[in-house]
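Below: query-v3.cif (mmCIF, C-alpha atoms and all ligand atoms)
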data_upload
#
loop_
_atom_site.label_atom_id
_atom_site.label_comp_id
_atom_site.auth_asym_id
_atom_site.auth_seq_id
_atom_site.Cartn_x
_atom_site.Cartn_y
_atom_site.Cartn_z
CA MET A 6 72.94 74.65 85.10
CA ARG A 7 75.12 75.31 88.13
CA THR A 8 75.55 78.91 89.27
CA TYR A 9 78.75 80.08 90.92
CA ALA A 10 79.92 83.43 92.24
CA LEU A 11 83.64 84.20 91.95
CA THR A 12 85.61 87.16 93.26
CA GLY A 13 88.81 88.24 91.50
CA GLY A 14 87.86 86.65 88.19
CA ALA A 15 89.35 89.37 85.97
CA THR A 16 92.93 88.09 85.80
CA GLY A 17 95.32 85.31 86.85
CA ILE A 18 94.02 82.36 88.86
CA GLY A 19 90.48 83.78 89.05
CA ALA A 20 90.30 84.16 85.26
CA ALA A 21 91.36 80.51 84.85
CA ILE A 22 88.71 79.39 87.38
CA LYS A 23 86.08 81.43 85.50
CA GLN A 24 87.10 79.87 82.19
CA ARG A 25 87.14 76.33 83.55
CA LEU A 26 83.74 76.57 85.26
CA ARG A 27 82.20 78.15 82.15
CA GLU A 28 83.71 75.40 79.96
CA GLU A 29 82.06 72.89 82.30
CA GLY A 30 78.73 74.55 81.43
CA SER A 31 78.22 76.59 84.59
CA GLN A 32 77.11 80.17 84.99
CA VAL A 33 79.81 82.22 86.73
CA ILE A 34 78.98 85.60 88.25
CA VAL A 35 82.25 87.48 88.51
CA VAL A 36 82.89 90.17 91.12
CA ASP A 37 86.00 92.28 90.58
CA ILE A 38 87.24 95.83 90.60
CA LYS A 39 87.49 95.59 86.78
CA ASP A 40 86.23 93.41 83.87
CA ALA A 41 83.43 91.77 85.84
CA ASP A 42 79.67 91.18 85.95
CA ILE A 43 79.59 93.04 89.24
CA ILE A 44 82.15 95.79 89.58
CA ALA A 45 82.92 96.27 93.26
CA ASP A 46 85.87 97.34 95.34
CA LEU A 47 86.23 94.67 98.01
CA SER A 48 88.57 96.84 100.08
CA SER A 49 85.65 98.86 101.48
CA LYS A 50 82.62 97.85 103.52
CA GLU A 51 80.36 99.62 100.97
CA GLY A 52 82.04 97.76 98.10
CA ARG A 53 81.55 94.43 99.84
CA GLN A 54 77.89 95.21 100.56
CA ALA A 55 77.38 96.21 96.91
CA ALA A 56 78.99 92.94 95.79
CA ILE A 57 76.74 90.89 98.10
CA ALA A 58 73.64 92.76 96.91
CA GLY A 59 74.68 92.26 93.28
CA ILE A 60 75.15 88.51 93.80
CA HIS A 61 71.69 88.30 95.40
CA ARG A 62 70.18 90.03 92.36
CA ALA A 63 72.05 87.80 89.88
CA ALA A 64 71.47 84.49 91.73
CA SER A 65 68.15 84.90 93.50
CA GLN A 66 67.49 81.11 93.32
CA GLY A 67 70.70 80.34 95.20
CA LEU A 68 74.34 79.49 94.58
CA ASP A 69 75.97 76.12 93.87
CA GLY A 70 79.22 77.62 94.98
CA LEU A 71 81.34 80.64 95.84
CA VAL A 72 85.05 81.05 95.12
CA THR A 73 86.89 83.92 96.80
CA CYS A 74 89.99 84.64 94.76
CA ALA A 75 90.36 88.46 94.83
CA GLY A 76 93.57 89.42 96.55
CA LEU A 77 96.64 91.61 96.60
CA GLY A 78 100.24 90.35 96.81
CA SER A 79 103.07 90.81 99.29
CA ASN A 80 104.57 93.55 97.13
CA ALA A 81 101.56 95.86 97.54
CA THR A 82 102.72 98.85 99.56
CA ASP A 83 99.38 99.73 101.16
CA HIS A 84 99.23 97.07 103.89
CA ALA A 85 95.82 98.18 105.17
CA LEU A 86 94.44 97.69 101.65
CA VAL A 87 95.93 94.18 101.46
CA THR A 88 94.31 93.36 104.81
CA GLN A 89 90.92 94.69 103.73
CA VAL A 90 90.81 92.90 100.36
CA ASN A 91 92.46 89.60 101.34
CA TYR A 92 90.71 89.00 104.65
CA PHE A 93 87.57 91.12 105.02
CA GLY A 94 86.87 90.94 101.27
CA THR A 95 86.88 87.16 101.66
CA VAL A 96 85.03 86.36 104.88
CA GLU A 97 82.35 89.04 104.47
CA LEU A 98 81.52 87.72 101.00
CA VAL A 99 81.10 84.18 102.37
CA GLU A 100 78.98 85.37 105.29
CA GLY A 101 76.91 87.63 103.04
CA THR A 102 76.05 84.84 100.60
CA LYS A 103 75.50 82.07 103.17
CA ASP A 104 71.72 82.14 102.59
CA LEU A 105 72.18 81.66 98.82
CA LEU A 106 74.67 78.83 99.37
CA ALA A 107 72.41 77.09 101.88
CA ALA A 108 69.49 77.28 99.43
CA LYS A 109 71.33 75.00 96.99
CA ARG A 110 73.59 73.12 99.43
CA GLY A 111 76.53 74.83 97.77
CA ALA A 112 80.29 74.66 98.27
CA VAL A 113 82.81 77.37 99.11
CA VAL A 114 86.44 77.44 98.03
CA LEU A 115 88.59 80.17 99.56
CA ILE A 116 91.90 80.91 97.91
CA SER A 117 94.51 81.06 100.67
CA SER A 118 98.26 80.55 100.03
CA ASN A 119 101.02 78.10 100.89
CA SER A 120 102.71 81.03 102.64
CA ALA A 121 99.99 80.90 105.34
CA PRO A 122 101.71 78.31 107.59
CA MET A 123 104.92 80.34 107.55
CA ASN A 124 103.37 83.48 109.01
CA GLN A 125 105.32 85.00 111.89
CA SER A 126 102.81 87.43 113.30
CA PRO A 127 100.30 85.62 115.53
CA GLU A 128 98.97 88.90 116.97
CA PHE A 129 97.98 90.14 113.50
CA VAL A 130 96.33 86.81 112.63
CA GLU A 131 94.51 86.82 115.99
CA SER A 132 93.20 90.35 115.43
CA LEU A 133 91.79 89.27 112.06
CA CYS A 134 90.24 86.08 113.39
CA SER A 135 88.56 88.01 116.19
CA SER A 136 87.24 90.55 113.62
CA ASP A 137 89.10 93.41 115.34
CA GLU A 138 89.41 95.37 112.11
CA GLU A 139 90.76 98.52 113.75
CA LYS A 140 93.60 96.63 115.49
CA ALA A 141 94.38 94.55 112.38
CA LEU A 142 94.64 97.63 110.16
CA SER A 143 96.82 99.44 112.66
CA LEU A 144 99.12 96.39 113.12
CA ALA A 145 99.35 95.96 109.34
CA THR A 146 101.12 99.31 109.02
CA THR A 147 103.90 98.06 111.34
CA LEU A 148 104.56 94.74 109.54
CA SER A 149 106.41 93.73 106.37
CA GLY A 150 104.51 93.03 103.15
CA GLN A 151 105.19 89.31 103.51
CA GLU A 152 103.95 89.23 107.13
CA VAL A 153 100.75 91.04 106.18
CA TYR A 154 100.14 88.90 103.08
CA SER A 155 100.80 85.55 104.75
CA GLY A 156 98.90 86.71 107.86
CA THR A 157 95.76 87.47 105.86
CA LYS A 158 96.03 84.11 104.10
CA LYS A 159 96.54 82.24 107.39
CA ALA A 160 93.54 84.02 108.91
CA VAL A 161 91.40 83.10 105.88
CA ALA A 162 92.33 79.41 106.24
CA ARG A 163 91.78 79.53 110.01
CA TRP A 164 88.40 81.26 109.60
CA MET A 165 87.40 78.53 107.15
CA ARG A 166 88.42 75.74 109.54
CA SER A 167 86.71 77.44 112.50
CA ASN A 168 83.46 77.75 110.57
CA ALA A 169 83.49 74.58 108.45
CA ALA A 170 81.37 72.56 110.89
CA ASN A 171 78.61 75.12 111.37
CA TYR A 172 78.46 75.82 107.62
CA ALA A 173 78.26 72.06 107.00
CA ALA A 174 75.27 71.96 109.36
CA ALA A 175 73.62 74.47 107.00
CA GLY A 176 74.44 72.19 104.03
CA ILE A 177 77.48 74.17 102.86
CA ARG A 178 80.89 72.53 102.34
CA MET A 179 83.85 74.85 102.84
CA ASN A 180 87.46 74.20 101.85
CA ALA A 181 90.49 76.25 100.90
CA VAL A 182 93.08 75.98 98.15
CA ALA A 183 96.59 77.06 99.15
CA PRO A 184 98.42 77.84 95.91
CA GLY A 185 102.18 77.86 95.73
CA TYR A 186 104.08 79.91 93.18
CA THR A 187 101.75 80.28 90.19
CA GLN A 188 102.54 82.38 87.13
CA THR A 189 100.06 85.29 87.08
CA PRO A 190 100.16 89.10 86.79
CA MET A 191 100.58 89.16 90.60
CA THR A 192 103.71 86.98 90.68
CA GLU A 193 105.07 88.65 87.56
CA GLN A 194 104.99 91.95 89.47
CA VAL A 195 106.75 90.42 92.49
CA ALA A 196 109.34 88.67 90.27
CA ASN A 197 110.12 92.02 88.63
CA ASP A 198 110.31 93.85 91.96
CA PRO A 199 113.89 95.01 92.67
CA THR A 200 113.60 94.00 96.36
CA TYR A 201 111.81 90.66 96.04
CA GLY A 202 112.86 89.60 92.50
CA PRO A 203 116.15 87.76 93.20
CA ALA A 204 114.67 85.82 96.16
CA ILE A 205 111.65 84.86 94.06
CA ARG A 206 113.86 83.42 91.33
CA ASP A 207 115.71 81.24 93.90
CA PHE A 208 112.37 80.20 95.38
CA LEU A 209 111.10 79.19 91.93
CA ALA A 210 114.17 77.02 91.33
CA SER A 211 113.46 75.14 94.57
CA ILE A 212 109.94 73.90 93.68
CA PRO A 213 110.18 70.10 94.10
CA VAL A 214 108.28 69.13 90.92
CA GLY A 215 110.65 71.37 88.94
CA PHE A 216 108.23 73.88 87.44
CA PRO A 217 105.96 76.72 88.62
CA GLY A 218 102.21 76.36 88.81
CA MET A 219 99.93 77.71 86.14
CA PRO A 220 96.52 79.29 86.86
CA GLU A 221 94.90 76.21 85.27
CA ASP A 222 96.42 74.01 88.01
CA GLN A 223 94.61 76.07 90.66
CA ALA A 224 91.43 76.03 88.56
CA ALA A 225 91.51 72.22 88.35
CA ALA A 226 91.79 71.89 92.14
CA THR A 227 89.04 74.47 92.71
CA SER A 228 86.70 72.79 90.23
CA PHE A 229 87.26 69.44 91.98
CA LEU A 230 86.55 70.86 95.45
CA LEU A 231 83.34 72.46 94.18
CA SER A 232 82.15 69.23 92.56
CA GLU A 233 80.12 66.30 93.92
CA GLN A 234 83.28 64.17 93.71
CA ALA A 235 84.49 66.14 96.73
CA ARG A 236 81.26 65.72 98.71
CA PHE A 237 83.08 64.24 101.76
CA ILE A 238 85.86 66.86 101.74
CA CYS A 239 85.05 69.60 104.24
CA GLY A 240 87.33 71.91 106.21
CA SER A 241 90.47 70.97 104.25
CA VAL A 242 93.29 73.18 103.06
CA LEU A 243 94.56 71.70 99.80
CA PHE A 244 98.14 72.68 98.98
CA VAL A 245 98.56 73.06 95.23
CA ASP A 246 102.21 74.00 95.26
CA GLY A 247 104.40 71.43 93.52
CA GLY A 248 105.53 69.98 96.86
CA HIS A 249 106.84 73.15 98.50
CA ASP A 250 104.79 72.87 101.69
CA ALA A 251 105.83 69.24 102.18
CA MET A 252 109.45 70.20 101.57
CA PHE A 253 109.41 73.09 104.06
CA ARG A 254 107.27 71.44 106.75
CA PRO A 255 107.67 67.67 106.48
CA ALA A 256 106.73 67.02 110.12
CA GLN A 257 103.54 69.09 110.10
CA ILE A 258 100.56 66.80 109.93
P1 LIG B 1 95.99 88.65 90.13
O1 LIG B 1 96.54 89.97 90.54
O2 LIG B 1 96.17 88.19 88.75
O3 LIG B 1 94.43 88.58 90.49
C1 LIG B 1 93.87 89.21 91.59
C2 LIG B 1 92.46 89.61 91.23
O4 LIG B 1 91.90 90.30 92.36
C3 LIG B 1 92.41 90.58 90.04
O5 LIG B 1 91.39 90.20 89.14
C4 LIG B 1 92.12 91.91 90.70
O6 LIG B 1 91.46 92.84 89.88
C5 LIG B 1 91.27 91.47 91.89
N1 LIG B 1 91.25 92.52 92.93
C6 LIG B 1 92.33 93.15 93.46
N2 LIG B 1 91.93 94.10 94.32
C7 LIG B 1 90.57 94.07 94.33
C8 LIG B 1 89.58 94.83 95.02
N3 LIG B 1 89.90 95.84 95.84
N4 LIG B 1 88.28 94.53 94.80
C9 LIG B 1 87.94 93.54 93.94
N5 LIG B 1 88.83 92.79 93.25
C10 LIG B 1 90.14 93.07 93.46
O7 LIG B 1 96.62 87.60 91.17
P2 LIG B 1 96.61 86.00 91.22
O8 LIG B 1 98.02 85.59 91.32
O9 LIG B 1 95.72 85.43 90.21
O10 LIG B 1 95.98 85.79 92.68
C11 LIG B 1 94.67 85.32 92.88
C12 LIG B 1 94.57 84.83 94.32
O11 LIG B 1 95.47 83.74 94.52
C13 LIG B 1 94.95 85.90 95.34
O12 LIG B 1 94.08 85.83 96.45
C14 LIG B 1 96.36 85.50 95.74
O13 LIG B 1 96.70 85.93 97.02
C15 LIG B 1 96.27 83.98 95.66
N6 LIG B 1 97.59 83.34 95.51
C16 LIG B 1 98.31 83.52 94.37
C17 LIG B 1 99.55 82.88 94.27
C18 LIG B 1 100.39 83.01 93.03
O14 LIG B 1 101.51 82.49 93.04
N7 LIG B 1 99.92 83.65 91.98
C19 LIG B 1 100.04 82.09 95.32
C20 LIG B 1 99.28 81.96 96.47
C21 LIG B 1 98.03 82.59 96.55
#
As structure tokens - that is how I would like this structure written.
Ligand code: NAD
Amino acid sequence: MRTYALTGGATGIGAAIKQRLREEGSQVIVVDIKDADIIADLSSKEGRQAAIAGIHRAASQGLDGLVTCAGLGSNATDHALVTQVNYFGTVELVEGTKDLLAAKRGAVVLISSNSAPMNQSPEFVESLCSSDEEKALSLATTLSGQEVYSGTKKAVARWMRSNAANYAAAGIRMNAVAPGYTQTPMTEQVANDPTYGPAIRDFLASIPVGFPGMPEDQAAATSFLLSEQARFICGSVLFVDGGHDAMFRPAQI
């Protein structure tokens, strides 16, 4: 039986990933702030350490994979919190379980976002990528929710690409999924937000395939990237967004 660890498995995309992997016959150790095997708050260093220790206890033989899905949306008002959960709650979990992943030549899938390429704050992204937590948290308070959200997601994808080769040398394949608009509690909140709601509805209408993503679409892509079928895929960011990224950035390749 394969053993996976998954952050953010309580609701939305993470819950669909948990369900899919369990239906495939795998054991899934869920880390979340609620409804999880390991309850941990990934916004704090202590919470992240507790999560890593809990995963080591639950999967002492090693991990076939890790999926980092916990995250907060662009409508969250505490920008430092978004930064801590989305970036540090992602990369520290990967780093802290590297030994378990190496033991079973496992795979990592980080959940980024198709908003990552659109980020307009290189200084914020740079502070994250250089692990300057103090600077990143202070910059986050000066930026918009969208800049902070997309910045954390860009930094996650960039961290993955910067580390894919050395993780591969340890037997670990790393990739990211970049979801586009997917119907979950997070997007429901943003769609109902008086500030962001109208823009979100226009955005939804512009998805090239003509419909929004469902959590199961992200789960299917994640399951594939974790599987042996994807054994030669390493360091990729897979856009699962109904064509939005291609539509917005046709020349970017
Ligand atoms: P969601 O709100 O349904 O799920 C987020 C999960 O993260 C929840 O289970 C929540 O409890 C957990 N979480 C939040 N704060 C936490 C903390 N401090 N510690 C531990 N767990 C915490 O949202 P979702 O839409 O399913 O999003 C899942 C991931 O997908 C996020 O990383 C999000 O940025 C990304 N994403 C979503 C969309 C979308 O359209 N839904 C698009 C792009 C990227």
Given the choices A:Ala58, A:Val35, A:Met191, A:Ala81, which gets closest to ligand LIG 1 (chain B) if the distance is worked out from all atoms listed in the file?
A:Met191
Could you work out an axis-aligned box for ligand LIG 1 (chain B), taking every atom the file lists and adding 8 Å on each side, and report centre and edge lengths in Å to one decimal, as lines of an AutoDock Vina configuration file?
center_x = 94.7
center_y = 88.9
center_z = 92.9
size_x = 29.6
size_y = 29.9
size_z = 24.3
Test item: residues no farther than 7 Å from ligand LIG 1 (chain B), counting only C-alpha atoms and all ligand atoms, as a compact mmCIF listing (two decimals) with C-alpha atoms, keeping the file's coordinate frame:
# COMPACT_ATOMS: atom_id res chain seq x y z
CA THR A 12 85.61 87.16 93.26
CA GLY A 13 88.81 88.24 91.50
CA GLY A 14 87.86 86.65 88.19
CA ALA A 15 89.35 89.37 85.97
CA THR A 16 92.93 88.09 85.80
CA GLY A 17 95.32 85.31 86.85
CA ILE A 18 94.02 82.36 88.86
CA GLY A 19 90.48 83.78 89.05
CA VAL A 36 82.89 90.17 91.12
CA ASP A 37 86.00 92.28 90.58
CA ILE A 38 87.24 95.83 90.60
CA LYS A 39 87.49 95.59 86.78
CA ALA A 45 82.92 96.27 93.26
CA ASP A 46 85.87 97.34 95.34
CA LEU A 47 86.23 94.67 98.01
CA SER A 48 88.57 96.84 100.08
CA CYS A 74 89.99 84.64 94.76
CA ALA A 75 90.36 88.46 94.83
CA GLY A 76 93.57 89.42 96.55
CA LEU A 77 96.64 91.61 96.60
CA GLY A 78 100.24 90.35 96.81
CA VAL A 90 90.81 92.90 100.36
CA ASN A 91 92.46 89.60 101.34
CA ILE A 116 91.90 80.91 97.91
CA SER A 117 94.51 81.06 100.67
CA SER A 118 98.26 80.55 100.03
CA ASN A 119 101.02 78.10 100.89
CA ALA A 183 96.59 77.06 99.15
CA PRO A 184 98.42 77.84 95.91
CA GLY A 185 102.18 77.86 95.73
CA TYR A 186 104.08 79.91 93.18
CA THR A 187 101.75 80.28 90.19
CA GLN A 188 102.54 82.38 87.13
CA THR A 189 100.06 85.29 87.08
CA PRO A 190 100.16 89.10 86.79
CA MET A 191 100.58 89.16 90.60
CA THR A 192 103.71 86.98 90.68
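Atom CA of A:Ile212 to atom CA of A:His249 spans 5.8 Å [interatomic distance, one decimal].
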Can you tell me, as a list in words, what residues are no more than 8 Å from A:Ile22 when counting all atoms listed in the file, ignoring any on the same chain fewer than 3 positions away?
Gly14, Ile18, Gly19, Arg25, Leu26, Pro220, Glu221, Gln223, Ala224, Ala225, Thr227 and Ser228 of chain A
Serialized selection, C-alpha atoms, as a compact mmCIF listing (two decimals), keeping the file's coordinate frame:
# COMPACT_ATOMS: atom_id res chain seq x y z
CA GLY A 14 87.86 86.65 88.19
CA ILE A 18 94.02 82.36 88.86
CA GLY A 19 90.48 83.78 89.05
CA ARG A 25 87.14 76.33 83.55
CA LEU A 26 83.74 76.57 85.26
CA PRO A 220 96.52 79.29 86.86
CA GLU A 221 94.90 76.21 85.27
CA GLN A 223 94.61 76.07 90.66
CA ALA A 224 91.43 76.03 88.56
CA ALA A 225 91.51 72.22 88.35
CA THR A 227 89.04 74.47 92.71
CA SER A 228 86.70 72.79 90.23
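For the pair atom CA of A:Arg178 and atom CA of A:Gly70, the interatomic distance is 9.1 Å.
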Nearest to A:Phe229: which of A:Ala21, A:Val182, A:Phe208, A:Ala162 is it, counting only C-alpha atoms?
A:Val182
d(atom CA of A:Met179, atom CA of A:Leu98) in Å:
13.2 Å
Please identify all polymer residues within 10 Å of A:Gly101, counting all atoms listed in the file, omitting same-chain residues fewer than 6 positions from it, and present them as an mmCIF file with C-alpha atoms, keeping the file's coordinate frame.
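Saved as selection-v4.cif:
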data_model
loop_
_atom_site.group_PDB
_atom_site.id
_atom_site.type_symbol
_atom_site.label_atom_id
_atom_site.label_comp_id
_atom_site.auth_asym_id
_atom_site.auth_seq_id
_atom_site.Cartn_x
_atom_site.Cartn_y
_atom_site.Cartn_z
ATOM 1 C CA ARG A 53 81.550 94.430 99.840
ATOM 2 C CA GLN A 54 77.890 95.210 100.560
ATOM 3 C CA ALA A 56 78.990 92.940 95.790
ATOM 4 C CA ILE A 57 76.740 90.890 98.100
ATOM 5 C CA ALA A 58 73.640 92.760 96.910
ATOM 6 C CA ILE A 60 75.150 88.510 93.800
ATOM 7 C CA HIS A 61 71.690 88.300 95.400
#
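Distance annotation: of A:Val153, A:Ala169, A:Val87, A:Ile177, the residue with the minimal separation from A:Ala108 is A:Ile177; atom set is all atoms listed in the file.
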Nearby residues (all atoms listed in the file) at most 12 Å from stretch 204-206 of chain A, same-chain spacing under 3 positions excluded, as a PyMOL selection string:
chain A and resi 79-80+185-188+192-201+209-212+216-217
Could you write out that same residue set with C-alpha atoms as an mmCIF file, in the frame of the given file?
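Listed below is the output, result_37.cif:
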data_model
loop_
_atom_site.group_PDB
_atom_site.id
_atom_site.type_symbol
_atom_site.label_atom_id
_atom_site.label_comp_id
_atom_site.auth_asym_id
_atom_site.auth_seq_id
_atom_site.Cartn_x
_atom_site.Cartn_y
_atom_site.Cartn_z
ATOM 1 C CA SER A 79 103.070 90.810 99.290
ATOM 2 C CA ASN A 80 104.570 93.550 97.130
ATOM 3 C CA GLY A 185 102.180 77.860 95.730
ATOM 4 C CA TYR A 186 104.080 79.910 93.180
ATOM 5 C CA THR A 187 101.750 80.280 90.190
ATOM 6 C CA GLN A 188 102.540 82.380 87.130
ATOM 7 C CA THR A 192 103.710 86.980 90.680
ATOM 8 C CA GLU A 193 105.070 88.650 87.560
ATOM 9 C CA GLN A 194 104.990 91.950 89.470
ATOM 10 C CA VAL A 195 106.750 90.420 92.490
ATOM 11 C CA ALA A 196 109.340 88.670 90.270
ATOM 12 C CA ASN A 197 110.120 92.020 88.630
ATOM 13 C CA ASP A 198 110.310 93.850 91.960
ATOM 14 C CA PRO A 199 113.890 95.010 92.670
ATOM 15 C CA THR A 200 113.600 94.000 96.360
ATOM 16 C CA TYR A 201 111.810 90.660 96.040
ATOM 17 C CA LEU A 209 111.100 79.190 91.930
ATOM 18 C CA ALA A 210 114.170 77.020 91.330
ATOM 19 C CA SER A 211 113.460 75.140 94.570
ATOM 20 C CA ILE A 212 109.940 73.900 93.680
ATOM 21 C CA PHE A 216 108.230 73.880 87.440
ATOM 22 C CA PRO A 217 105.960 76.720 88.620
#
If we count only C-alpha atoms and set the cut-off at 10 Å, which residues sit around A:Ser31, ignoring sequence neighbours fewer than 4 positions away in its own chain? Please answer as a PyMOL selection string.
chain A and resi 6-9+23-27+69
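Distance check against A:Gln125 using only C-alpha atoms: of A:Thr146, A:Leu106, A:Ser155, A:Val33, the minimum falls on A:Ser155.
The residue that comes closest to A:Lys50, out of A:Gln89, A:Ser126, A:Ser149, A:Ser65 and on the basis of all atoms listed in the file, is A:Gln89.
With distances taken over all atoms listed in the file, A:Leu86 is the one residue among A:Val114, A:Leu86, A:Met219, A:Ala173 lying closest to A:Tyr154.
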